[in-house]
$ cat work_16.txt   # compact mmCIF, C-alpha atoms (C1' of nucleotides)
# COMPACT_ATOMS: atom_id res chain seq x y z
CA MET A 1 -22.99 6.57 -17.65
CA GLY A 2 -20.52 9.42 -17.81
CA ASP A 3 -18.94 11.04 -20.76
CA PRO A 4 -15.50 9.97 -21.93
CA ARG A 5 -15.03 13.03 -24.13
CA PRO A 6 -13.57 15.41 -21.54
CA PHE A 7 -10.79 12.92 -20.95
CA VAL A 8 -10.04 12.46 -24.59
CA SER A 9 -10.01 16.15 -25.33
CA ALA A 10 -7.86 16.87 -22.30
CA LEU A 11 -5.27 14.57 -23.82
CA ASP A 12 -5.62 16.13 -27.18
CA ASP A 13 -5.42 19.69 -25.87
CA ALA A 14 -2.27 18.95 -23.93
CA GLY A 15 -0.58 17.52 -26.97
CA TYR A 16 -0.69 13.87 -25.94
CA ARG A 17 -1.62 11.24 -28.45
CA VAL A 18 -5.14 9.95 -28.39
CA THR A 19 -4.55 6.24 -28.76
CA GLU A 20 -6.88 3.28 -28.59
CA PRO A 21 -5.84 2.14 -25.11
CA ARG A 22 -6.18 5.65 -23.72
CA ARG A 23 -9.59 6.03 -25.26
CA ALA A 24 -10.57 2.69 -23.77
CA VAL A 25 -9.45 3.74 -20.30
CA ALA A 26 -11.46 6.96 -20.67
CA GLU A 27 -14.51 4.87 -21.49
CA LEU A 28 -13.99 2.56 -18.57
CA ILE A 29 -13.85 5.59 -16.30
CA ALA A 30 -16.97 7.05 -17.88
CA GLY A 31 -18.74 3.76 -17.32
CA ARG A 32 -18.24 3.96 -13.58
CA THR A 33 -20.20 5.86 -10.98
CA GLY A 34 -18.53 7.23 -7.90
CA HIS A 35 -14.96 6.58 -7.05
CA PHE A 36 -12.92 3.66 -8.29
CA THR A 37 -9.48 2.25 -7.79
CA ALA A 38 -6.83 1.44 -10.34
CA ALA A 39 -7.49 -2.21 -9.59
CA ASP A 40 -11.15 -1.74 -10.53
CA LEU A 41 -10.22 -0.50 -13.96
CA VAL A 42 -7.70 -3.26 -14.45
CA SER A 43 -10.29 -5.86 -13.66
CA ASP A 44 -12.89 -4.10 -15.85
CA SER A 45 -10.50 -4.13 -18.73
CA GLY A 46 -9.72 -7.76 -18.06
CA SER A 47 -13.34 -8.85 -17.98
CA ARG A 48 -14.12 -7.02 -21.20
CA ARG A 49 -11.09 -8.54 -22.90
CA LEU A 50 -9.80 -5.18 -23.98
CA GLY A 51 -6.22 -6.38 -23.87
CA ILE A 52 -4.99 -3.29 -22.10
CA GLY A 53 -1.91 -3.84 -20.02
CA ARG A 54 -1.84 -3.13 -16.32
CA ALA A 55 0.99 -0.68 -16.79
CA THR A 56 -1.01 1.25 -19.34
CA VAL A 57 -3.93 1.65 -16.97
CA PHE A 58 -1.64 3.06 -14.29
CA ARG A 59 0.15 5.30 -16.76
CA THR A 60 -3.11 6.63 -18.15
CA LEU A 61 -4.54 7.33 -14.71
CA GLU A 62 -1.38 9.21 -13.84
CA LEU A 63 -1.73 11.19 -17.03
CA PHE A 64 -5.35 12.11 -16.34
CA GLU A 65 -4.43 13.13 -12.85
CA GLU A 66 -1.70 15.36 -14.21
CA LEU A 67 -4.23 16.92 -16.57
CA SER A 68 -6.56 17.54 -13.60
CA VAL A 69 -9.51 15.71 -15.05
CA LEU A 70 -9.08 13.01 -12.44
CA GLU A 71 -8.23 13.40 -8.80
CA ARG A 72 -6.89 10.94 -6.32
CA LEU A 73 -8.70 10.52 -3.04
CA ASP A 74 -7.40 8.82 0.05
CA LEU A 75 -10.25 6.88 1.54
CA PRO A 76 -10.35 6.38 5.30
CA SER A 77 -9.60 2.72 4.66
CA GLY A 78 -6.24 3.73 3.24
CA GLU A 79 -7.17 2.84 -0.31
CA HIS A 80 -6.32 5.16 -3.15
CA ALA A 81 -9.34 5.92 -5.25
CA TYR A 82 -9.92 8.20 -8.22
CA VAL A 83 -12.78 10.50 -9.11
CA PRO A 84 -13.38 12.30 -12.40
CA CYS A 85 -13.70 16.04 -11.88
CA GLU A 86 -13.47 19.52 -13.23
CA PRO A 87 -9.97 20.98 -13.56
CA ALA A 88 -10.39 23.63 -10.84
CA HIS A 89 -9.57 23.71 -7.18
CA HIS A 90 -12.31 22.10 -5.17
CA HIS A 91 -13.06 19.33 -2.70
CA HIS A 92 -15.09 16.19 -2.61
CA LEU A 93 -18.07 14.88 -0.80
CA VAL A 94 -17.81 11.12 -0.73
CA CYS A 95 -20.77 8.89 0.04
CA GLU A 96 -19.75 6.15 2.42
CA ARG A 97 -22.54 3.95 1.24
CA CYS A 98 -22.73 4.11 -2.55
CA GLY A 99 -19.34 5.65 -3.26
CA ARG A 100 -20.81 8.50 -5.26
CA THR A 101 -18.86 11.73 -5.09
CA GLU A 102 -19.76 15.34 -5.59
CA ASP A 103 -17.50 18.28 -6.20
CA VAL A 104 -17.87 21.24 -3.88
CA ASP A 105 -16.17 24.57 -4.15
CA ASP A 106 -13.74 25.94 -1.66
CA GLY A 107 -16.43 27.67 0.36
CA GLY A 108 -14.88 29.86 3.00
CA LEU A 109 -11.92 27.56 3.41
CA ARG A 110 -9.47 29.97 1.90
CA ASP A 111 -10.26 32.59 4.53
CA LEU A 112 -9.95 29.95 7.15
CA THR A 113 -6.49 28.85 6.09
CA GLU A 114 -5.33 32.43 5.82
CA ALA A 115 -6.46 33.17 9.34
CA LEU A 116 -4.69 30.05 10.46
CA ALA A 117 -1.50 31.04 8.72
CA GLY A 118 -1.56 34.39 10.48
CA ARG A 119 -2.16 32.78 13.84
CA THR A 120 0.47 30.06 13.60
CA GLY A 121 3.25 31.63 11.59
CA TRP A 122 3.16 28.89 9.01
CA ALA A 123 3.21 29.47 5.29
CA ILE A 124 0.36 27.33 4.07
CA GLY A 125 0.69 26.06 0.55
CA THR A 126 -1.82 23.46 -0.45
CA HIS A 127 -4.57 21.88 1.52
CA ARG A 128 -6.73 18.86 1.10
CA LEU A 129 -10.21 18.47 2.43
CA GLU A 130 -12.27 15.36 2.11
CA LEU A 131 -15.76 15.03 3.46
CA PHE A 132 -17.36 11.68 4.11
CA GLY A 133 -21.03 11.10 4.67
CA ARG A 134 -24.21 10.11 2.92
CA CYS A 135 -25.52 11.47 -0.33
CA PRO A 136 -29.18 12.57 -0.51
CA ARG A 137 -30.15 9.26 -2.08
CA CYS A 138 -28.56 7.19 0.69
CA ARG A 139 -29.50 9.40 3.62
CA GLY A 140 -32.57 7.52 4.68
CA SER A 141 -31.19 4.01 4.63
CA MET B 1 12.76 13.88 21.97
CA GLY B 2 9.12 13.30 22.77
CA ASP B 3 7.56 11.53 25.65
CA PRO B 4 6.59 7.87 25.38
CA ARG B 5 4.41 7.95 28.48
CA PRO B 6 1.14 9.06 26.89
CA PHE B 7 1.32 6.03 24.62
CA VAL B 8 2.02 3.65 27.45
CA SER B 9 -0.72 5.01 29.65
CA ALA B 10 -3.20 5.01 26.78
CA LEU B 11 -2.61 1.28 26.47
CA ASP B 12 -2.92 0.81 30.18
CA ASP B 13 -6.10 2.86 30.48
CA ALA B 14 -7.77 0.96 27.70
CA GLY B 15 -7.01 -2.34 29.35
CA TYR B 16 -4.32 -3.50 26.94
CA ARG B 17 -1.19 -5.08 28.26
CA VAL B 18 1.88 -2.95 28.51
CA THR B 19 4.49 -5.28 27.13
CA GLU B 20 8.15 -4.77 26.30
CA PRO B 21 7.68 -4.60 22.53
CA ARG B 22 4.86 -2.09 22.87
CA ARG B 23 6.89 0.03 25.20
CA ALA B 24 9.77 -0.12 22.74
CA VAL B 25 7.55 1.05 19.88
CA ALA B 26 6.32 3.92 22.05
CA GLU B 27 9.91 4.93 22.63
CA LEU B 28 10.78 4.74 18.97
CA ILE B 29 7.86 7.04 18.22
CA ALA B 30 8.89 9.44 20.97
CA GLY B 31 12.39 9.51 19.52
CA ARG B 32 11.15 10.86 16.21
CA THR B 33 10.26 14.37 15.21
CA GLY B 34 7.56 15.09 12.70
CA HIS B 35 5.79 12.38 10.82
CA PHE B 36 7.12 8.93 10.19
CA THR B 37 6.07 5.83 8.33
CA ALA B 38 5.67 2.29 9.56
CA ALA B 39 8.76 1.44 7.54
CA ASP B 40 10.76 4.08 9.45
CA LEU B 41 9.96 2.43 12.73
CA VAL B 42 10.72 -1.02 11.39
CA SER B 43 14.13 0.12 10.24
CA ASP B 44 14.75 1.99 13.52
CA SER B 45 13.97 -1.14 15.45
CA GLY B 46 16.19 -3.14 13.15
CA SER B 47 19.16 -0.82 13.50
CA ARG B 48 18.87 -0.78 17.28
CA ARG B 49 18.62 -4.56 17.36
CA LEU B 50 15.48 -4.46 19.41
CA GLY B 51 14.29 -7.71 17.96
CA ILE B 52 10.77 -6.46 17.41
CA GLY B 53 8.92 -8.19 14.61
CA ARG B 54 7.57 -6.29 11.64
CA ALA B 55 4.08 -7.52 12.38
CA THR B 56 4.29 -6.22 15.93
CA VAL B 57 5.22 -2.75 14.74
CA PHE B 58 2.22 -2.67 12.42
CA ARG B 59 -0.07 -4.07 15.09
CA THR B 60 1.11 -1.57 17.68
CA LEU B 61 0.68 1.37 15.31
CA GLU B 62 -2.83 0.20 14.56
CA LEU B 63 -3.51 -0.01 18.28
CA PHE B 64 -2.22 3.49 18.95
CA GLU B 65 -4.32 4.80 16.11
CA GLU B 66 -7.37 3.11 17.56
CA LEU B 67 -6.60 4.75 20.91
CA SER B 68 -6.33 8.14 19.16
CA VAL B 69 -2.83 8.92 20.36
CA LEU B 70 -1.55 8.49 16.83
CA GLU B 71 -3.12 9.61 13.62
CA ARG B 72 -2.53 8.51 10.10
CA LEU B 73 -1.83 11.13 7.46
CA ASP B 74 -1.95 10.68 3.75
CA LEU B 75 0.91 12.62 2.27
CA PRO B 76 0.52 14.05 -1.23
CA SER B 77 3.06 11.50 -2.40
CA GLY B 78 0.64 8.75 -1.48
CA GLU B 79 2.66 7.54 1.47
CA HIS B 80 0.97 6.75 4.73
CA ALA B 81 2.61 8.53 7.62
CA TYR B 82 1.79 8.75 11.31
CA VAL B 83 1.87 11.65 13.77
CA PRO B 84 1.53 11.50 17.53
CA CYS B 85 -1.30 13.72 18.72
CA GLU B 86 -3.87 14.56 21.33
CA PRO B 87 -7.00 12.42 21.39
CA ALA B 88 -9.35 15.18 20.27
CA HIS B 89 -10.70 16.16 16.90
CA HIS B 90 -8.26 18.39 15.10
CA HIS B 91 -6.22 18.73 11.94
CA HIS B 92 -2.60 18.86 11.00
CA LEU B 93 -0.23 21.34 9.53
CA VAL B 94 2.52 19.40 7.82
CA CYS B 95 5.83 20.98 6.90
CA GLU B 96 6.84 19.93 3.41
CA ARG B 97 10.45 20.55 4.17
CA CYS B 98 11.29 19.17 7.61
CA GLY B 99 8.25 16.95 8.12
CA ARG B 100 7.34 18.57 11.41
CA THR B 101 3.63 18.65 12.16
CA GLU B 102 1.47 20.82 14.33
CA ASP B 103 -2.03 20.18 15.58
CA VAL B 104 -4.60 22.85 14.87
CA ASP B 105 -8.15 22.98 16.12
CA ASP B 106 -11.18 22.82 13.95
CA GLY B 107 -11.35 26.58 13.51
CA GLY B 108 -14.56 27.48 11.75
CA LEU B 109 -14.63 24.30 9.76
CA ARG B 110 -17.59 22.88 11.58
CA ASP B 111 -19.77 25.83 10.55
CA LEU B 112 -18.48 25.46 7.06
CA THR B 113 -19.43 21.81 6.77
CA GLU B 114 -22.83 22.48 8.27
CA ALA B 115 -23.52 25.19 5.74
CA LEU B 116 -22.40 22.82 3.05
CA ALA B 117 -24.65 20.05 4.31
CA GLY B 118 -27.61 22.42 4.19
CA ARG B 119 -26.79 23.54 0.68
CA THR B 120 -26.18 20.13 -0.84
CA GLY B 121 -28.58 17.84 0.99
CA TRP B 122 -25.80 15.55 2.11
CA ALA B 123 -25.44 14.22 5.64
CA ILE B 124 -21.83 14.92 6.40
CA GLY B 125 -20.22 12.59 8.86
CA THR B 126 -16.51 12.90 9.19
CA HIS B 127 -14.11 15.14 7.41
CA ARG B 128 -10.41 15.21 6.98
CA LEU B 129 -8.38 18.32 6.39
CA GLU B 130 -4.66 18.30 5.86
CA LEU B 131 -2.64 21.46 5.32
CA PHE B 132 0.76 21.40 3.71
CA GLY B 133 3.24 24.21 3.81
CA ARG B 134 6.28 25.46 5.68
CA CYS B 135 6.71 25.73 9.41
CA PRO B 136 8.03 29.01 10.84
CA ARG B 137 11.53 27.57 11.05
CA CYS B 138 11.60 26.54 7.39
CA ARG B 139 9.81 29.56 5.95
CA GLY B 140 12.86 31.49 4.92
CA SER B 141 14.78 28.74 3.20
C1' DG C 1 2.56 -23.62 43.32
C1' DC C 2 0.11 -25.21 39.41
C1' DA C 3 -3.12 -25.69 35.51
C1' DG C 4 -5.70 -23.63 31.96
C1' DG C 5 -7.02 -19.89 29.26
C1' DT C 6 -6.00 -15.72 26.92
C1' DA C 7 -3.23 -11.95 25.06
C1' DC C 8 0.69 -11.21 22.75
C1' DT C 9 4.78 -12.26 20.06
C1' DG C 10 8.21 -13.07 15.97
C1' DA C 11 9.04 -15.57 11.82
C1' DG C 12 7.86 -16.24 7.59
C1' DA C 13 4.81 -16.79 3.81
C1' DC C 14 1.69 -14.37 1.22
C1' DT C 15 -1.08 -10.73 -1.37
C1' DC C 16 -1.48 -6.89 -3.86
C1' DA C 17 -0.58 -2.01 -5.49
C1' DG C 18 2.49 0.28 -7.93
C1' DT C 19 7.02 0.72 -10.60
C1' DA C 20 10.77 -0.37 -13.77
C1' DT C 21 12.56 -2.55 -17.76
C1' DC C 22 12.53 -3.76 -22.33
C1' DA C 23 11.54 -5.37 -26.85
C1' DT C 24 8.11 -4.22 -30.06
C1' DC C 25 4.73 -1.51 -32.47
C1' DG C 26 2.54 2.60 -34.58
C1' DT C 27 2.67 7.51 -35.90
C1' DT C 28 4.54 11.30 -37.56
C1' DG C 29 7.66 14.20 -40.04
C1' DT C 30 10.92 14.31 -43.73
C1' DA D 1 10.53 4.68 -47.54
C1' DC D 2 12.57 5.54 -43.44
C1' DA D 3 14.29 7.41 -39.14
C1' DA D 4 12.85 9.05 -34.68
C1' DC D 5 10.08 8.98 -31.08
C1' DG D 6 6.02 8.10 -28.29
C1' DA D 7 3.21 4.51 -26.66
C1' DT D 8 2.32 -0.27 -25.55
C1' DG D 9 2.03 -4.93 -23.14
C1' DA D 10 4.55 -8.55 -20.94
C1' DT D 11 7.09 -9.48 -17.29
C1' DA D 12 9.88 -9.00 -13.37
C1' DC D 13 10.43 -6.60 -9.40
C1' DT D 14 9.73 -3.85 -5.03
C1' DG D 15 7.79 -2.76 -0.85
C1' DA D 16 3.68 -2.07 2.21
C1' DG D 17 0.65 -4.36 4.74
C1' DT D 18 -1.77 -8.86 6.17
C1' DC D 19 -2.26 -13.58 7.68
C1' DT D 20 -1.05 -17.74 9.87
C1' DC D 21 0.93 -20.29 13.21
C1' DA D 22 3.62 -22.17 16.75
C1' DG D 23 5.45 -20.62 20.77
C1' DT D 24 5.60 -17.58 24.98
C1' DA D 25 4.27 -14.42 28.77
C1' DC D 26 0.85 -13.33 31.80
C1' DC D 27 -3.36 -13.61 34.60
C1' DT D 28 -6.80 -16.07 37.24
C1' DG D 29 -8.86 -19.70 39.85
C1' DC D 30 -7.75 -23.47 42.43
$ encode --input "work_16.txt" --output "structure tokens"
Amino acid sequence: MGDPRPFVSALDDAGYRVTEPRRAVAELIAGRTGHFTAADLVSDSGSRRLGIGRATVFRTLELFEELSVLERLDLPSGEHAYVPCEPAHHHHLVCERCGRTEDVDDGGLRDLTEALAGRTGWAIGTHRLELFGRCPRCRGS
Amino acid sequence: MGDPRPFVSALDDAGYRVTEPRRAVAELIAGRTGHFTAADLVSDSGSRRLGIGRATVFRTLELFEELSVLERLDLPSGEHAYVPCEPAHHHHLVCERCGRTEDVDDGGLRDLTEALAGRTGWAIGTHRLELFGRCPRCRGS
DNA sequence: GCAGGTACTGAGACTCAGTATCATCGTTGT
DNA sequence: ACAACGATGATACTGAGTCTCAGTACCTGC
């Protein structure tokens, strides 16, 4: 079980209202392990009879993403998933089996993109790296 | 204007039939620069009255992706776009302005992921790196 | 040439994620 | 108390992608 507080305080710090529905979405997120889709949260909220509207779930996810406490991943399947994370530039290891994710820092990637920029003549702005594999727990199986 | 032949021969080599609709999709792709979405091709085919069904466009794109002559990109906007490319492992530079893409090799990324695997205990399978920026032609503007 | 099987096709219905609209509600500041 | 504004949920809508199905083109064995 994760901690909903970072989400709530991110809202608060940025001057957004901390309302019941937003708090509820934060708790749904905290109650998940690994990545999840918007649809997952909608169905969670439905099954717990929280009475949160679909639109509110999407709006709140968008808000958290904007506040960098949530990041959107594009899974190889084409689905859009979210993962809670620290508000700093980093990348994600995604377990193909259990869905767990782990943040990793930029490593030497910055050097790599700079070398590439020099070689190709491009001005490289942002990059996105996603790594898929098996977490230590799922390695054996 | 690109060359539709690699697409056609990829089909042929893999034992798929080279039919009129598939050839037409290959030509639509060749007639595009930069990345494009499935919807782009559907509307191209509509405006040229080719009479190709929506489903066929999607099916043919899927086929080309499977044959590794086309790759799917996830743009930051969340859209799914496609780029024609060589059937070897590589990554893409995507111009945010004109949409042009360029293939780049793996650079030192392999070493980087191996180091990461050692450090974290994960077994890293595939990775996906996408770089967004400006191509040499669009740098100034 | 013909018959049978298989690959492929387009039309259309369908599903589902995500967005837009809007009337209402709750908070906050005055 | 009240006006203003942010947030909400219901609902309708859009658009991507999938599925189904009847029909067609093509290949293969006879």
$ residues_around --input "work_16.txt" --residues "Glu27 of chain A" --least-positions-apart "3" --cutoff "9 Å" --atoms "only C-alpha atoms (C1' of nucleotides)" --output "list in words"
Gly2, Asp3, Pro4, Arg5, Phe7, Arg22, Arg23, Ala24, Ala30, Gly31 and Arg32 of chain A
$ write_last_selection --input "work_16.txt" --atoms "C-alpha atoms" --output "PDB file, keeping the file's coordinate frame"
ATOM      1  CA  GLY A   2     -20.520   9.420 -17.810  1.00  0.00           C
ATOM      2  CA  ASP A   3     -18.940  11.040 -20.760  1.00  0.00           C
ATOM      3  CA  PRO A   4     -15.500   9.970 -21.930  1.00  0.00           C
ATOM      4  CA  ARG A   5     -15.030  13.030 -24.130  1.00  0.00           C
ATOM      5  CA  PHE A   7     -10.790  12.920 -20.950  1.00  0.00           C
ATOM      6  CA  ARG A  22      -6.180   5.650 -23.720  1.00  0.00           C
ATOM      7  CA  ARG A  23      -9.590   6.030 -25.260  1.00  0.00           C
ATOM      8  CA  ALA A  24     -10.570   2.690 -23.770  1.00  0.00           C
ATOM      9  CA  ALA A  30     -16.970   7.050 -17.880  1.00  0.00           C
ATOM     10  CA  GLY A  31     -18.740   3.760 -17.320  1.00  0.00           C
ATOM     11  CA  ARG A  32     -18.240   3.960 -13.580  1.00  0.00           C
TER      12      ARG A  32
END
$ residues_around --input "work_16.txt" --residues "DG10 of chain C" --least-positions-apart "6" --cutoff "9 Å" --atoms "all atoms listed in the file" --output "list in words"
Gly51, Ile52, Gly53, Arg54, Ala55 and Thr56 of chain B
$ residues_around --input "work_16.txt" --residues "segment 99-114 of chain B" --least-positions-apart "2" --cutoff "9 Å" --atoms "all atoms listed in the file" --output "number ranges by chain"
A: 107-109, 112, 116, 120, 131; B: 33-36, 83, 85-86, 88-97, 116-119, 124, 127, 135
$ interface_residues --input "work_16.txt" --of "chain C" --to "chain B" --cutoff "12 Å" --atoms "all atoms listed in the file" --output "MDAnalysis selection string"
chainID C and resid 6:12 17:18
$ write_last_selection --input "work_16.txt" --atoms "C-alpha atoms (C1' of nucleotides)" --output "PDB file, in the frame of the given file"
ATOM      1  C1'  DT C   6      -6.000 -15.720  26.920  1.00  0.00           C
ATOM      2  C1'  DA C   7      -3.230 -11.950  25.060  1.00  0.00           C
ATOM      3  C1'  DC C   8       0.690 -11.210  22.750  1.00  0.00           C
ATOM      4  C1'  DT C   9       4.780 -12.260  20.060  1.00  0.00           C
ATOM      5  C1'  DG C  10       8.210 -13.070  15.970  1.00  0.00           C
ATOM      6  C1'  DA C  11       9.040 -15.570  11.820  1.00  0.00           C
ATOM      7  C1'  DG C  12       7.860 -16.240   7.590  1.00  0.00           C
ATOM      8  C1'  DA C  17      -0.580  -2.010  -5.490  1.00  0.00           C
ATOM      9  C1'  DG C  18       2.490   0.280  -7.930  1.00  0.00           C
TER      10       DG C  18
END
$ interface_residues --input "work_16.txt" --of "chain A" --to "chain B" --cutoff "6 Å" --atoms "only C-alpha atoms" --output "count of residues only"
16
$ closest_residue --input "work_16.txt" --among "A:Leu41, A:Val57, A:Ala26, A:Met1" --to "chain D" --atoms "only C-alpha atoms (C1' of nucleotides)"
A:Val57
$ interface_residues --input "work_16.txt" --of "chain D" --to "chain B" --cutoff "9 Å" --atoms "all atoms listed in the file" --output "list in words"
DA16, DG17 and DT18 of chain D
$ closest_residue --input "work_16.txt" --among "C:DT24, C:DA13, C:DT30, C:DA3" --to "DG29 of chain D" --atoms "all atoms listed in the file"
C:DA3
$ atom_distance --input "work_16.txt" --atom1 "atom C1' of DA7 of chain D" --atom2 "atom C1' of DT19 of chain C"
16.9 Å
$ decode --input "work_16.txt" --residues "segment 6-30 of chain D" --atoms "C-alpha atoms (C1' of nucleotides)" --output "short mmCIF file (atom, residue, chain, number, x, y, z; two decimals), in the first residue's frame"
data_model
loop_
_atom_site.label_atom_id
_atom_site.label_comp_id
_atom_site.auth_asym_id
_atom_site.auth_seq_id
_atom_site.Cartn_x
_atom_site.Cartn_y
_atom_site.Cartn_z
"C1'" DG D 6 -13.47 26.41 -8.83
"C1'" DA D 7 -14.84 21.77 -8.82
"C1'" DT D 8 -18.12 18.11 -9.67
"C1'" DG D 9 -21.01 14.33 -11.90
"C1'" DA D 10 -24.14 13.19 -15.54
"C1'" DT D 11 -24.43 12.80 -20.06
"C1'" DA D 12 -23.52 13.20 -24.78
"C1'" DC D 13 -20.14 12.99 -28.01
"C1'" DT D 14 -15.85 11.88 -30.76
"C1'" DG D 15 -12.59 9.12 -32.79
"C1'" DA D 16 -9.31 5.13 -32.67
"C1'" DG D 17 -9.15 0.58 -33.10
"C1'" DT D 18 -11.51 -4.17 -33.26
"C1'" DC D 19 -14.73 -7.70 -34.66
"C1'" DT D 20 -17.83 -10.05 -37.56
"C1'" DC D 21 -19.41 -11.55 -41.67
"C1'" DA D 22 -20.60 -12.28 -46.29
"C1'" DG D 23 -18.39 -12.05 -50.42
"C1'" DT D 24 -14.24 -12.32 -53.52
"C1'" DA D 25 -9.60 -13.39 -55.38
"C1'" DC D 26 -6.24 -16.66 -55.62
"C1'" DC D 27 -3.85 -21.12 -55.34
"C1'" DT D 28 -3.64 -26.10 -55.62
"C1'" DG D 29 -4.93 -30.68 -56.83
"C1'" DC D 30 -7.52 -33.08 -59.95
#
